[in-house]
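Student: Please find work-v2.cif (mmCIF, C-alpha atoms and all ligand atoms) on the next line:
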```cif
data_coords
#
loop_
_atom_site.group_PDB
_atom_site.id
_atom_site.type_symbol
_atom_site.label_atom_id
_atom_site.label_comp_id
_atom_site.auth_asym_id
_atom_site.auth_seq_id
_atom_site.Cartn_x
_atom_site.Cartn_y
_atom_site.Cartn_z
ATOM 1 C CA MET A 1 -13.828 -9.760 -7.620
ATOM 2 C CA LYS A 2 -13.576 -7.375 -4.637
ATOM 3 C CA LYS A 3 -15.489 -9.906 -2.502
ATOM 4 C CA HIS A 4 -13.135 -12.694 -3.552
ATOM 5 C CA ILE A 5 -10.096 -10.542 -2.734
ATOM 6 C CA ARG A 6 -11.494 -9.527 0.663
ATOM 7 C CA GLU A 7 -12.296 -13.123 1.613
ATOM 8 C CA TYR A 8 -8.880 -14.253 0.375
ATOM 9 C CA TYR A 9 -7.088 -11.784 2.672
ATOM 10 C CA GLU A 10 -9.436 -12.425 5.598
ATOM 11 C CA ARG A 11 -8.473 -16.122 5.396
ATOM 12 C CA LEU A 12 -4.803 -15.319 4.982
ATOM 13 C CA TYR A 13 -4.547 -12.957 7.972
ATOM 14 C CA ARG A 14 -6.677 -15.310 10.082
ATOM 15 C CA GLY A 15 -3.843 -17.781 9.698
ATOM 16 C CA GLY A 16 -4.424 -19.652 6.453
ATOM 17 C CA SER A 17 -1.304 -20.650 4.586
ATOM 18 C CA GLY A 18 -0.151 -20.587 1.009
ATOM 19 C CA GLY A 19 -0.501 -17.954 -1.671
ATOM 20 C CA PRO A 20 1.847 -14.986 -1.559
ATOM 21 C CA ARG A 21 2.377 -15.228 2.213
ATOM 22 C CA ALA A 22 5.152 -17.751 1.754
ATOM 23 C CA LEU A 23 6.842 -15.231 -0.555
ATOM 24 C CA GLY A 24 6.684 -12.254 1.807
ATOM 25 C CA GLY A 25 8.127 -11.503 5.229
ATOM 26 C CA LYS A 26 11.627 -10.550 6.294
ATOM 27 C CA PRO A 27 13.509 -12.098 3.331
ATOM 28 C CA LEU A 28 11.376 -10.074 0.928
ATOM 29 C CA ALA A 29 11.853 -6.896 3.000
ATOM 30 C CA LEU A 30 15.634 -7.357 2.761
ATOM 31 C CA GLU A 31 15.416 -8.077 -0.966
ATOM 32 C CA LEU A 32 13.366 -4.932 -1.500
ATOM 33 C CA GLY A 33 15.966 -2.813 0.302
ATOM 34 C CA TYR A 34 14.289 -2.081 3.614
ATOM 35 C CA PRO A 35 17.184 -0.952 5.858
ATOM 36 C CA ALA A 36 18.659 -3.891 7.798
ATOM 37 C CA GLY A 37 19.028 -1.770 10.963
ATOM 38 C CA LEU A 38 15.330 -0.998 10.896
ATOM 39 C CA ILE A 39 14.330 -4.562 10.084
ATOM 40 C CA ASP A 40 16.096 -5.785 13.228
ATOM 41 C CA LEU A 41 13.935 -3.526 15.413
ATOM 42 C CA LEU A 42 10.774 -5.447 14.543
ATOM 43 C CA PRO A 43 9.911 -8.645 16.462
ATOM 44 C CA GLY A 44 10.255 -11.739 14.262
ATOM 45 C CA GLU A 45 6.609 -12.825 14.320
ATOM 46 C CA MET A 46 5.457 -9.476 12.894
ATOM 47 C CA TRP A 47 7.273 -10.202 9.655
ATOM 48 C CA GLN A 48 5.261 -13.230 8.575
ATOM 49 C CA ASP A 49 2.317 -11.054 7.523
ATOM 50 C CA PHE A 50 4.303 -8.513 5.506
ATOM 51 C CA LEU A 51 3.268 -8.663 1.836
ATOM 52 C CA PRO A 52 4.792 -5.604 0.153
ATOM 53 C CA CYS A 53 5.513 -5.061 -3.528
ATOM 54 C CA GLY A 54 8.297 -2.533 -2.902
ATOM 55 C CA ASN A 55 10.126 -0.364 -0.391
ATOM 56 C CA ILE A 56 8.155 2.831 -0.087
ATOM 57 C CA LEU A 57 9.663 4.038 3.192
ATOM 58 C CA SER A 58 12.324 6.109 1.465
ATOM 59 C CA ARG A 59 9.584 7.936 -0.472
ATOM 60 C CA ILE A 60 7.708 9.347 2.509
ATOM 61 C CA ASP A 61 8.760 11.909 5.053
ATOM 62 C CA PRO A 62 5.815 13.040 7.186
ATOM 63 C CA LYS A 63 6.240 16.215 9.193
ATOM 64 C CA ALA A 64 4.907 16.912 12.685
ATOM 65 C CA GLY A 65 1.121 17.035 12.795
ATOM 66 C CA GLU A 66 0.621 15.439 9.357
ATOM 67 C CA ARG A 67 -1.601 12.455 8.611
ATOM 68 C CA VAL A 68 -0.646 9.372 6.631
ATOM 69 C CA LEU A 69 -3.247 6.957 5.237
ATOM 70 C CA ASN A 70 -1.891 3.405 4.847
ATOM 71 C CA LEU A 71 -4.544 2.133 2.427
ATOM 72 C CA GLY A 72 -4.711 -1.668 2.326
ATOM 73 C CA CYS A 73 -2.435 -1.741 5.374
ATOM 74 C CA GLY A 74 -2.534 -5.506 5.881
ATOM 75 C CA ALA A 75 -0.775 -6.250 9.181
ATOM 76 C CA GLY A 76 0.475 -2.641 9.288
ATOM 77 C CA VAL A 77 4.198 -3.405 8.985
ATOM 78 C CA ASP A 78 4.963 -0.303 6.882
ATOM 79 C CA SER A 79 3.197 1.863 9.450
ATOM 80 C CA VAL A 80 5.294 0.630 12.385
ATOM 81 C CA LEU A 81 8.501 0.801 10.328
ATOM 82 C CA LEU A 82 7.610 4.352 9.385
ATOM 83 C CA LYS A 83 7.026 5.266 13.023
ATOM 84 C CA LEU A 84 10.278 3.561 14.077
ATOM 85 C CA SER A 85 12.256 5.509 11.498
ATOM 86 C CA ALA A 86 10.459 8.849 11.812
ATOM 87 C CA ARG A 87 11.682 11.898 13.601
ATOM 88 C CA ALA A 88 8.331 13.710 13.722
ATOM 89 C CA GLU A 89 5.050 13.202 15.584
ATOM 90 C CA PHE A 90 2.520 12.310 12.900
ATOM 91 C CA ARG A 91 -0.572 10.109 12.768
ATOM 92 C CA VAL A 92 -1.000 6.985 10.680
ATOM 93 C CA VAL A 93 -4.457 5.728 9.761
ATOM 94 C CA ASN A 94 -4.274 2.050 8.876
ATOM 95 C CA LEU A 95 -7.218 1.066 6.662
ATOM 96 C CA ASP A 96 -8.149 -2.347 5.278
ATOM 97 C CA THR A 97 -11.241 -4.296 4.228
ATOM 98 C CA ALA A 98 -10.011 -7.413 6.008
ATOM 99 C CA LEU A 99 -10.727 -7.165 9.745
ATOM 100 C CA PRO A 100 -8.195 -9.887 10.742
ATOM 101 C CA ALA A 101 -5.466 -7.779 9.078
ATOM 102 C CA LEU A 102 -6.460 -4.693 11.046
ATOM 103 C CA LEU A 103 -6.485 -6.624 14.310
ATOM 104 C CA LYS A 104 -2.899 -7.665 13.644
ATOM 105 C CA ALA A 105 -1.926 -4.102 12.721
ATOM 106 C CA ARG A 106 -3.528 -2.852 15.936
ATOM 107 C CA GLY A 107 -1.770 -5.532 18.014
ATOM 108 C CA SER A 108 1.641 -4.452 16.652
ATOM 109 C CA ALA A 109 0.948 -0.744 17.213
ATOM 110 C CA LEU A 110 -0.159 -1.432 20.788
ATOM 111 C CA ARG A 111 2.878 -3.587 21.479
ATOM 112 C CA LEU A 112 5.479 -1.163 20.085
ATOM 113 C CA PHE A 113 3.908 2.253 20.634
ATOM 114 C CA SER A 114 1.010 1.669 23.077
ATOM 115 C CA GLY A 115 -1.119 2.602 20.069
ATOM 116 C CA HIS A 116 0.044 6.223 20.253
ATOM 117 C CA GLY A 117 -0.233 7.983 16.884
ATOM 118 C CA PHE A 118 -2.254 5.209 15.192
ATOM 119 C CA GLU A 119 -5.863 4.811 14.048
ATOM 120 C CA PHE A 120 -7.530 1.761 12.523
ATOM 121 C CA VAL A 121 -10.389 1.792 10.046
ATOM 122 C CA CYS A 122 -12.163 -1.164 8.448
ATOM 123 C CA ALA A 123 -13.465 0.148 5.115
ATOM 124 C CA GLU A 124 -13.466 -0.288 1.367
ATOM 125 C CA GLY A 125 -10.643 1.617 -0.328
ATOM 126 C CA GLY A 126 -12.895 2.673 -3.200
ATOM 127 C CA CYS A 127 -15.239 4.511 -0.807
ATOM 128 C CA LEU A 128 -13.087 6.117 1.888
ATOM 129 C CA PRO A 129 -14.856 7.328 5.055
ATOM 130 C CA PHE A 130 -12.895 10.596 5.274
ATOM 131 C CA LEU A 131 -13.563 14.236 4.521
ATOM 132 C CA PRO A 132 -11.873 15.846 1.508
ATOM 133 C CA GLY A 133 -8.271 16.870 2.146
ATOM 134 C CA SER A 134 -7.783 14.701 5.249
ATOM 135 C CA PHE A 135 -4.233 13.484 4.496
ATOM 136 C CA GLU A 136 -0.831 14.769 3.410
ATOM 137 C CA TRP A 137 0.370 11.254 2.479
ATOM 138 C CA ILE A 138 -1.156 8.006 1.212
ATOM 139 C CA ILE A 139 0.704 4.687 1.124
ATOM 140 C CA LEU A 140 -0.419 1.919 -1.235
ATOM 141 C CA ASN A 141 1.888 -1.064 -0.923
ATOM 142 C CA GLY A 142 0.659 -4.046 -2.940
ATOM 143 C CA VAL A 143 -2.839 -2.645 -3.160
ATOM 144 C CA PHE A 144 -3.334 -0.656 -6.374
ATOM 145 C CA ASN A 145 -3.558 -3.797 -8.542
ATOM 146 C CA LEU A 146 -6.305 -5.246 -6.346
ATOM 147 C CA PHE A 147 -8.744 -2.659 -7.694
ATOM 148 C CA PRO A 148 -10.418 -3.641 -10.966
ATOM 149 C CA GLU A 149 -11.655 -0.008 -11.210
ATOM 150 C CA LYS A 150 -8.490 2.105 -11.050
ATOM 151 C CA ARG A 151 -10.289 5.353 -11.852
ATOM 152 C CA GLU A 152 -12.614 4.987 -8.865
ATOM 153 C CA LEU A 153 -9.639 4.413 -6.537
ATOM 154 C CA ILE A 154 -7.597 7.322 -7.924
ATOM 155 C CA GLU A 155 -10.610 9.643 -7.565
ATOM 156 C CA GLU A 156 -10.948 8.646 -3.908
ATOM 157 C CA ILE A 157 -7.224 9.116 -3.284
ATOM 158 C CA ASN A 158 -7.439 12.531 -4.924
ATOM 159 C CA ARG A 159 -10.470 13.477 -2.828
ATOM 160 C CA VAL A 160 -8.974 12.631 0.576
ATOM 161 C CA LEU A 161 -5.463 13.993 -0.143
ATOM 162 C CA LYS A 162 -4.685 17.648 0.413
ATOM 163 C CA PRO A 163 -3.584 19.605 -2.673
ATOM 164 C CA GLY A 164 0.154 18.969 -2.978
ATOM 165 C CA GLY A 165 -0.182 15.737 -0.979
ATOM 166 C CA ILE A 166 1.718 12.647 -2.098
ATOM 167 C CA VAL A 167 0.688 9.089 -2.871
ATOM 168 C CA ALA A 168 3.580 6.623 -2.549
ATOM 169 C CA GLY A 169 2.897 3.148 -3.867
ATOM 170 C CA ALA A 170 4.484 -0.073 -4.941
ATOM 171 C CA ASP A 171 2.988 -2.731 -7.154
ATOM 172 C CA LEU A 172 3.615 -5.009 -10.101
ATOM 173 C CA CYS A 173 3.543 -3.433 -13.557
ATOM 174 C CA ARG A 174 2.992 -5.733 -16.523
ATOM 175 C CA ARG A 175 5.801 -5.950 -19.090
ATOM 176 C CA VAL A 176 3.646 -7.608 -21.748
ATOM 177 C CA ILE A 177 -0.028 -8.171 -22.596
ATOM 178 C CA LEU A 178 -0.922 -10.770 -19.979
ATOM 179 C CA PRO A 179 -2.135 -14.186 -21.177
ATOM 180 C CA GLY A 180 -5.872 -14.725 -20.644
ATOM 181 C CA TYR A 181 -5.363 -17.190 -17.789
ATOM 182 C CA PHE A 182 -4.348 -14.356 -15.437
ATOM 183 C CA ALA A 183 -7.720 -12.595 -15.688
ATOM 184 C CA ALA A 184 -9.544 -15.931 -15.413
ATOM 185 C CA GLU A 185 -7.833 -16.941 -12.134
ATOM 186 C CA PRO A 186 -9.442 -15.091 -9.188
ATOM 187 C CA ASP A 187 -6.444 -15.744 -6.911
ATOM 188 C CA ALA A 188 -4.130 -14.108 -9.467
ATOM 189 C CA TRP A 189 -6.137 -10.925 -8.814
ATOM 190 C CA ALA A 190 -5.405 -11.287 -5.099
ATOM 191 C CA TRP A 191 -1.705 -11.805 -5.891
ATOM 192 C CA CYS A 192 -1.547 -8.318 -7.479
ATOM 193 C CA MET A 193 -1.039 -9.844 -10.941
ATOM 194 C CA SER A 194 -4.229 -9.779 -13.002
ATOM 195 C CA GLY A 195 -4.975 -6.129 -12.229
ATOM 196 C CA ALA A 196 -1.508 -4.915 -13.244
ATOM 197 C CA LEU A 197 -1.161 -1.959 -15.619
ATOM 198 C CA SER A 198 1.925 -1.238 -17.711
ATOM 199 C CA ARG A 199 4.135 1.520 -16.270
ATOM 200 C CA GLU A 200 2.911 3.908 -18.989
ATOM 201 C CA GLU A 201 -0.738 3.106 -18.175
ATOM 202 C CA LEU A 202 -0.088 3.655 -14.468
ATOM 203 C CA ILE A 203 1.398 7.106 -15.117
ATOM 204 C CA GLU A 204 -1.435 7.999 -17.514
ATOM 205 C CA ALA A 205 -4.058 6.910 -14.981
ATOM 206 C CA PHE A 206 -2.647 9.108 -12.189
ATOM 207 C CA GLU A 207 -2.020 12.066 -14.490
ATOM 208 C CA ALA A 208 -5.606 11.848 -15.776
ATOM 209 C CA GLY A 209 -6.738 11.782 -12.128
ATOM 210 C CA GLY A 210 -5.128 15.111 -11.228
ATOM 211 C CA PHE A 211 -1.618 14.020 -10.187
ATOM 212 C CA SER A 212 1.911 14.797 -11.391
ATOM 213 C CA LYS A 213 4.576 12.117 -11.483
ATOM 214 C CA LEU A 214 7.460 12.539 -9.059
ATOM 215 C CA ASP A 215 9.184 9.220 -9.572
ATOM 216 C CA THR A 216 8.809 5.653 -10.806
ATOM 217 C CA ALA A 217 11.464 2.984 -10.290
ATOM 218 C CA ALA A 218 11.121 -0.490 -11.773
ATOM 219 C CA GLU A 219 12.937 -3.722 -11.088
ATOM 220 C CA ASN A 220 12.388 -6.757 -13.260
ATOM 221 C CA MET A 221 10.668 -9.643 -11.457
ATOM 222 C CA ASP A 222 10.009 -12.143 -14.241
ATOM 223 C CA GLU A 223 8.920 -12.329 -17.901
ATOM 224 C CA PHE A 224 5.527 -10.828 -17.057
ATOM 225 C CA PHE A 225 6.105 -8.228 -14.339
ATOM 226 C CA ASP A 226 8.322 -5.456 -12.998
ATOM 227 C CA ARG A 227 8.143 -4.491 -9.344
ATOM 228 C CA THR A 228 7.471 -0.770 -9.479
ATOM 229 C CA VAL A 229 7.677 1.919 -6.818
ATOM 230 C CA PHE A 230 5.871 5.123 -7.720
ATOM 231 C CA THR A 231 5.186 8.532 -6.232
ATOM 232 C CA PHE A 232 2.696 11.089 -7.520
ATOM 233 C CA ARG A 233 1.852 14.522 -6.167
ATOM 234 C CA LYS A 234 -1.726 15.775 -6.192
ATOM 235 C CA ASN A 235 -1.815 18.950 -8.223
ATOM 236 C CA GLY A 236 -1.832 22.103 -6.099
ATOM 237 C CA SER A 237 0.379 22.970 -3.174
ATOM 238 C CA LEU A 238 0.326 22.173 0.515
ATOM 239 C CA GLU A 239 -0.367 25.366 2.392
ATOM 240 C CA GLY A 240 1.335 26.145 5.667
ATOM 241 C CA ARG A 241 3.610 23.107 5.505
ATOM 242 C CA LYS A 242 6.869 23.283 7.427
ATOM 243 C CA PRO A 243 9.926 22.560 5.248
HETATM 244 C C1 LIG A 301 -0.842 -7.685 -0.774
HETATM 245 S S1 LIG A 301 -1.595 -7.167 0.710
HETATM 246 C C2 LIG A 301 -0.498 -5.845 1.188
HETATM 247 C C3 LIG A 301 -0.648 -5.490 2.635
HETATM 248 C C4 LIG A 301 0.315 -4.435 3.163
HETATM 249 N N1 LIG A 301 0.226 -3.194 2.417
HETATM 250 C C5 LIG A 301 1.744 -4.936 3.186
HETATM 251 O O1 LIG A 301 2.611 -4.333 2.526
HETATM 252 O O2 LIG A 301 2.001 -5.924 3.872
HETATM 253 C C6 LIG A 301 -3.040 -6.283 0.151
HETATM 254 C C7 LIG A 301 -3.915 -5.706 1.243
HETATM 255 O O3 LIG A 301 -4.931 -4.875 0.647
HETATM 256 C C8 LIG A 301 -6.181 -5.121 1.267
HETATM 257 N N2 LIG A 301 -7.247 -4.784 0.312
HETATM 258 C C9 LIG A 301 -7.588 -5.466 -0.793
HETATM 259 N N3 LIG A 301 -8.616 -4.866 -1.426
HETATM 260 C C10 LIG A 301 -8.922 -3.779 -0.680
HETATM 261 C C11 LIG A 301 -9.913 -2.771 -0.797
HETATM 262 N N4 LIG A 301 -10.776 -2.779 -1.827
HETATM 263 N N5 LIG A 301 -9.972 -1.810 0.138
HETATM 264 C C12 LIG A 301 -9.108 -1.808 1.194
HETATM 265 N N6 LIG A 301 -8.149 -2.751 1.366
HETATM 266 C C13 LIG A 301 -8.059 -3.720 0.436
HETATM 267 C C14 LIG A 301 -6.110 -6.603 1.592
HETATM 268 O O4 LIG A 301 -7.063 -6.965 2.569
HETATM 269 C C15 LIG A 301 -4.672 -6.750 2.040
HETATM 270 O O5 LIG A 301 -4.530 -6.510 3.423
#
```
Turn this file's structure into C-alpha cells for me.
Ligand SMILES: C[S@@+](CC[C@H](N)C(=O)[O-])C[C@H]1O[C@@H](n2cnc3c(N)ncnc32)[C@H](O)[C@@H]1O

Tutor:
Amino acid sequence: MKKHIREYYERLYRGGSGGPRALGGKPLALELGYPAGLIDLLPGEMWQDFLPCGNILSRIDPKAGERVLNLGCGAGVDSVLLKLSARAEFRVVNLDTALPALLKARGSALRLFSGHGFEFVCAEGGCLPFLPGSFEWIILNGVFNLFPEKRELIEEINRVLKPGGIVAGADLCRRVILPGYFAAEPDAWAWCMSGALSREELIEAFEAGGFSKLDTAAENMDEFFDRTVFTFRKNGSLEGRKP
C-alpha cells in the first residue's frame, strides 16, 4: 500500500490531474479557516498543490532556534505559511517520500525566503533519518491516515520529538465502521479515507504511544468522516525552552 501511495503522489505532484487535487487549493484553505490575510501573501500557483485536511497553523508556535518537522510536507504550503506568519527564527524540515513534492516545496522556499530556514529530506515517514529528540514540533497535515501501521509511525514521531514536544495534525476521522469498498480501493487509501481511525481510536493510539492529548476539534464532512485537527504532547517536559 505504501508503494501505491508514494507512486500516486509522485504522479500527482509531477502534474497529473484528478483525485483530491481538484478538491484542495485556496478554496479549501479558506474553508478550513486559514487566515485570509495570510492566504493573500502566497502566489496563486503555489495553492494548486495544497492538500490539507485541516488548519494546523493556529496550533503551532515555534520559538527561536526550534525545529519543526513537516512530515508528508507535499508542496510545503504549511511550511511557508508558518514562516510568513512567524515572529521567531526557527527551522522547518520538509520531509516527503515523493520527490516531485519536495522539489515543489523547495522551489517555493527558494522563491519566498531564498531557502533560509528550510531543509528538505526525501524519506519514508515510518523510518525517519533523524537522531532521537531532534524536533520540538511535528506537523502531520493529511498524512496520518496514509500509514497502514499507525503504531510504527507514532513510535517514530515519539523517537524524534523532544520530551514535551508537540505533534499537530489534521486528518479524517471515521464516524462509522467503513464499508468494505474503502479498504479494497487503493486510491481511497491515498485520499486519507481507508486508513481513518475513529476519534477515540486516534486518541488511544497516541496515548498508548507516550503522548497526552492537548486538543481535538472535529468538523463533520459527510456521513463517513469528520475533519479532525489534533494536538498531542510527548510526555515529559521541554528543558530550557523560552516562554
Ligand atoms: C494529502 S498529501 C498532504 C500534503 C501536505 N501536508 C499538504 O497539506 O498539502 C499527503 C502527503 O504525504 C506524503 N506521504 C505519503 N506517505 C508517506 C510516507 N510513508 N512517508 C512520508 N510522506 C508520505 C505524500 O507523498 C503527500 O505529499

Student: What residues of the protein or nucleic acid chains come within 7 Å of ligand LIG 301 (chain A) when you use all atoms listed in the file? Reply as a count of residues only.

Tutor: 35

Student: What would the selection look like, as a PyMOL selection string, if the PyMOL selection byres (((chain A and resi 172-186) around 7) and not hetatm) were run on the coordinates I just shared?

Tutor: chain A and resi 53+171+187-190+192-194+196-199+224-228

Student: Take the selection from the previous step and output its residues with C-alpha atoms, as a PDB file, in the frame of the given file.

Tutor:
```pdb
ATOM      1  CA  CYS A  53       5.513  -5.061  -3.528  1.00  0.00           C
ATOM      2  CA  ASP A 171       2.988  -2.731  -7.154  1.00  0.00           C
ATOM      3  CA  ASP A 187      -6.444 -15.744  -6.911  1.00  0.00           C
ATOM      4  CA  ALA A 188      -4.130 -14.108  -9.467  1.00  0.00           C
ATOM      5  CA  TRP A 189      -6.137 -10.925  -8.814  1.00  0.00           C
ATOM      6  CA  ALA A 190      -5.405 -11.287  -5.099  1.00  0.00           C
ATOM      7  CA  CYS A 192      -1.547  -8.318  -7.479  1.00  0.00           C
ATOM      8  CA  MET A 193      -1.039  -9.844 -10.941  1.00  0.00           C
ATOM      9  CA  SER A 194      -4.229  -9.779 -13.002  1.00  0.00           C
ATOM     10  CA  ALA A 196      -1.508  -4.915 -13.244  1.00  0.00           C
ATOM     11  CA  LEU A 197      -1.161  -1.959 -15.619  1.00  0.00           C
ATOM     12  CA  SER A 198       1.925  -1.238 -17.711  1.00  0.00           C
ATOM     13  CA  ARG A 199       4.135   1.520 -16.270  1.00  0.00           C
ATOM     14  CA  PHE A 224       5.527 -10.828 -17.057  1.00  0.00           C
ATOM     15  CA  PHE A 225       6.105  -8.228 -14.339  1.00  0.00           C
ATOM     16  CA  ASP A 226       8.322  -5.456 -12.998  1.00  0.00           C
ATOM     17  CA  ARG A 227       8.143  -4.491  -9.344  1.00  0.00           C
ATOM     18  CA  THR A 228       7.471  -0.770  -9.479  1.00  0.00           C
TER      19      THR A 228
END
```

Student: Name all residues at most 9 Å from Gly210 of chain A (count only C-alpha atoms; drop same-chain ones fewer than 2 positions away) and give them as a list in words.

Tutor: Ile154, Glu155, Asn158, Phe206, Glu207, Ala208, Ser212, Arg233, Lys234 and Asn235 of chain A

Student: Can you measure atom CA of Ile39 of chain A to atom CA of Leu57 of chain A for me? One decimal in Å is fine.

Tutor: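 Pair atom CA of Ile39 of chain A / atom CA of Leu57 of chain A returns 12.0 Å.
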
Student: What lies within 8 Å of Leu69 of chain A using only C-alpha atoms, ignoring chain neighbours under 5 positions off, as a PyMOL selection string?

Tutor: chain A and resi 92-95+135+137-139

Student: Hey, which of A:Gly115, A:Tyr8, A:Glu219, A:Ala109 ends up closest to Glu31 of chain A? Count all atoms listed in the file.

Tutor: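 Nearest to Glu31 of chain A: A:Glu219.
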
Student: Once the PyMOL selection byres (((chain A and resi 67) around 6) and not hetatm) has been applied to the shown file, what residues remain in the selection, as an NGL selection string?

Tutor: :A and (66 or 68 or 90-92 or 135-136)

Student: Pull C-alpha atoms from the residues just selected and write them as a PDB file, keeping the file's coordinate frame.

Tutor:
```
ATOM      1  CA  GLU A  66       0.621  15.439   9.357  1.00  0.00           C
ATOM      2  CA  VAL A  68      -0.646   9.372   6.631  1.00  0.00           C
ATOM      3  CA  PHE A  90       2.520  12.310  12.900  1.00  0.00           C
ATOM      4  CA  ARG A  91      -0.572  10.109  12.768  1.00  0.00           C
ATOM      5  CA  VAL A  92      -1.000   6.985  10.680  1.00  0.00           C
ATOM      6  CA  PHE A 135      -4.233  13.484   4.496  1.00  0.00           C
ATOM      7  CA  GLU A 136      -0.831  14.769   3.410  1.00  0.00           C
TER       8      GLU A 136
END
```

Student: Any idea what the distance is between atom CA of Pro132 of chain A and atom CA of Lys162 of chain A?

Tutor: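 Atom CA of Pro132 of chain A sits 7.5 Å away from atom CA of Lys162 of chain A.
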
Student: I'd like the residues picked by the PyMOL selection byres (((chain A and resi 107) around 12) and not hetatm) written out as a VMD selection string, using the chain letters and numbers from the file.

Tutor: chain A and resid 45 to 46 75 to 77 80 100 to 106 108 to 115 118 to 120

Student: I want to know what sits within 9 Å of Glu89 of chain A, based on only C-alpha atoms, with residues of the same chain fewer than 4 positions away left out; could you give that as JSON, numbers by chain?

Tutor: {"A": [62, 63, 64, 65, 66, 83, 117]}

Student: Restricting the calculation to only C-alpha atoms, which member of A:Gly54, A:Gly133, A:Gly165, A:Gly15 is positioned closest to Tyr34 of chain A?

Tutor: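 Looking at the shortest contact to Tyr34 of chain A, the residue is A:Gly54.
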
Student: Atom CA of Ser85 of chain A and atom CA of Pro35 of chain A, how far apart in Å?

Tutor: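 Pair atom CA of Pro35 of chain A / atom CA of Ser85 of chain A returns 9.9 Å.
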
Student: To box segment 41-59 of chain A, take all atoms listed in the file, fit an axis-aligned box, add 8 Å on each side, and give centre and edge lengths in Å to one decimal, as JSON.

Tutor:
```
{"center_x": 8.1, "center_y": -2.6, "center_z": 6.5, "size_x": 27.6, "size_y": 37.2, "size_z": 36.0}
```

Student: For each of A:Leu128, A:Ala86, A:Ile60, A:Leu238, take the minimum atom-to-atom distance to Ala168 of chain A, counting only C-alpha atoms, then give the residue where this is smallest.

Tutor: A:Ile60

Student: As a PDB file, keeping the file's coordinate frame, could you write out segment 213-225 of chain A once it has been completed with N, CA, C and O atoms?

Tutor:
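Saved file rebuild_30.pdb follows:
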```pdb
ATOM      1  N   LYS A 213       3.609  13.164 -11.850  1.00  0.00           N
ATOM      2  CA  LYS A 213       4.576  12.117 -11.483  1.00  0.00           C
ATOM      3  C   LYS A 213       5.797  12.743 -10.808  1.00  0.00           C
ATOM      4  O   LYS A 213       6.357  13.710 -11.296  1.00  0.00           O
ATOM      5  N   LEU A 214       6.203  12.149  -9.681  1.00  0.00           N
ATOM      6  CA  LEU A 214       7.460  12.539  -9.059  1.00  0.00           C
ATOM      7  C   LEU A 214       8.543  11.543  -9.428  1.00  0.00           C
ATOM      8  O   LEU A 214       9.663  11.899  -9.737  1.00  0.00           O
ATOM      9  N   ASP A 215       8.158  10.242  -9.408  1.00  0.00           N
ATOM     10  CA  ASP A 215       9.184   9.220  -9.572  1.00  0.00           C
ATOM     11  C   ASP A 215       8.539   7.862  -9.848  1.00  0.00           C
ATOM     12  O   ASP A 215       7.501   7.547  -9.259  1.00  0.00           O
ATOM     13  N   THR A 216       9.148   7.081 -10.747  1.00  0.00           N
ATOM     14  CA  THR A 216       8.809   5.653 -10.806  1.00  0.00           C
ATOM     15  C   THR A 216      10.125   4.889 -10.941  1.00  0.00           C
ATOM     16  O   THR A 216      11.020   5.326 -11.660  1.00  0.00           O
ATOM     17  N   ALA A 217      10.245   3.792 -10.220  1.00  0.00           N
ATOM     18  CA  ALA A 217      11.464   2.984 -10.290  1.00  0.00           C
ATOM     19  C   ALA A 217      11.058   1.529 -10.437  1.00  0.00           C
ATOM     20  O   ALA A 217      10.286   1.012  -9.628  1.00  0.00           O
ATOM     21  N   ALA A 218      11.554   0.885 -11.487  1.00  0.00           N
ATOM     22  CA  ALA A 218      11.121  -0.490 -11.773  1.00  0.00           C
ATOM     23  C   ALA A 218      12.281  -1.458 -11.655  1.00  0.00           C
ATOM     24  O   ALA A 218      13.419  -1.131 -11.983  1.00  0.00           O
ATOM     25  N   GLU A 219      11.941  -2.645 -11.178  1.00  0.00           N
ATOM     26  CA  GLU A 219      12.937  -3.722 -11.088  1.00  0.00           C
ATOM     27  C   GLU A 219      12.298  -4.959 -11.681  1.00  0.00           C
ATOM     28  O   GLU A 219      11.169  -5.319 -11.287  1.00  0.00           O
ATOM     29  N   ASN A 220      12.994  -5.600 -12.595  1.00  0.00           N
ATOM     30  CA  ASN A 220      12.388  -6.757 -13.260  1.00  0.00           C
ATOM     31  C   ASN A 220      12.190  -7.918 -12.283  1.00  0.00           C
ATOM     32  O   ASN A 220      13.070  -8.245 -11.502  1.00  0.00           O
ATOM     33  N   MET A 221      10.956  -8.503 -12.324  1.00  0.00           N
ATOM     34  CA  MET A 221      10.668  -9.643 -11.457  1.00  0.00           C
ATOM     35  C   MET A 221      10.697 -10.947 -12.253  1.00  0.00           C
ATOM     36  O   MET A 221      11.327 -11.915 -11.859  1.00  0.00           O
ATOM     37  N   ASP A 222       9.998 -10.957 -13.392  1.00  0.00           N
ATOM     38  CA  ASP A 222      10.009 -12.143 -14.241  1.00  0.00           C
ATOM     39  C   ASP A 222       9.588 -11.724 -15.650  1.00  0.00           C
ATOM     40  O   ASP A 222       9.539 -10.536 -15.953  1.00  0.00           O
ATOM     41  N   GLU A 223       9.244 -12.689 -16.506  1.00  0.00           N
ATOM     42  CA  GLU A 223       8.920 -12.329 -17.901  1.00  0.00           C
ATOM     43  C   GLU A 223       7.657 -11.471 -18.011  1.00  0.00           C
ATOM     44  O   GLU A 223       7.476 -10.748 -18.988  1.00  0.00           O
ATOM     45  N   PHE A 224       6.802 -11.541 -16.979  1.00  0.00           N
ATOM     46  CA  PHE A 224       5.527 -10.828 -17.057  1.00  0.00           C
ATOM     47  C   PHE A 224       5.533  -9.478 -16.332  1.00  0.00           C
ATOM     48  O   PHE A 224       4.817  -8.566 -16.728  1.00  0.00           O
ATOM     49  N   PHE A 225       6.289  -9.376 -15.241  1.00  0.00           N
ATOM     50  CA  PHE A 225       6.105  -8.228 -14.339  1.00  0.00           C
ATOM     51  C   PHE A 225       7.416  -7.554 -13.927  1.00  0.00           C
ATOM     52  O   PHE A 225       8.451  -8.209 -13.784  1.00  0.00           O
TER      53      PHE A 225
END
```
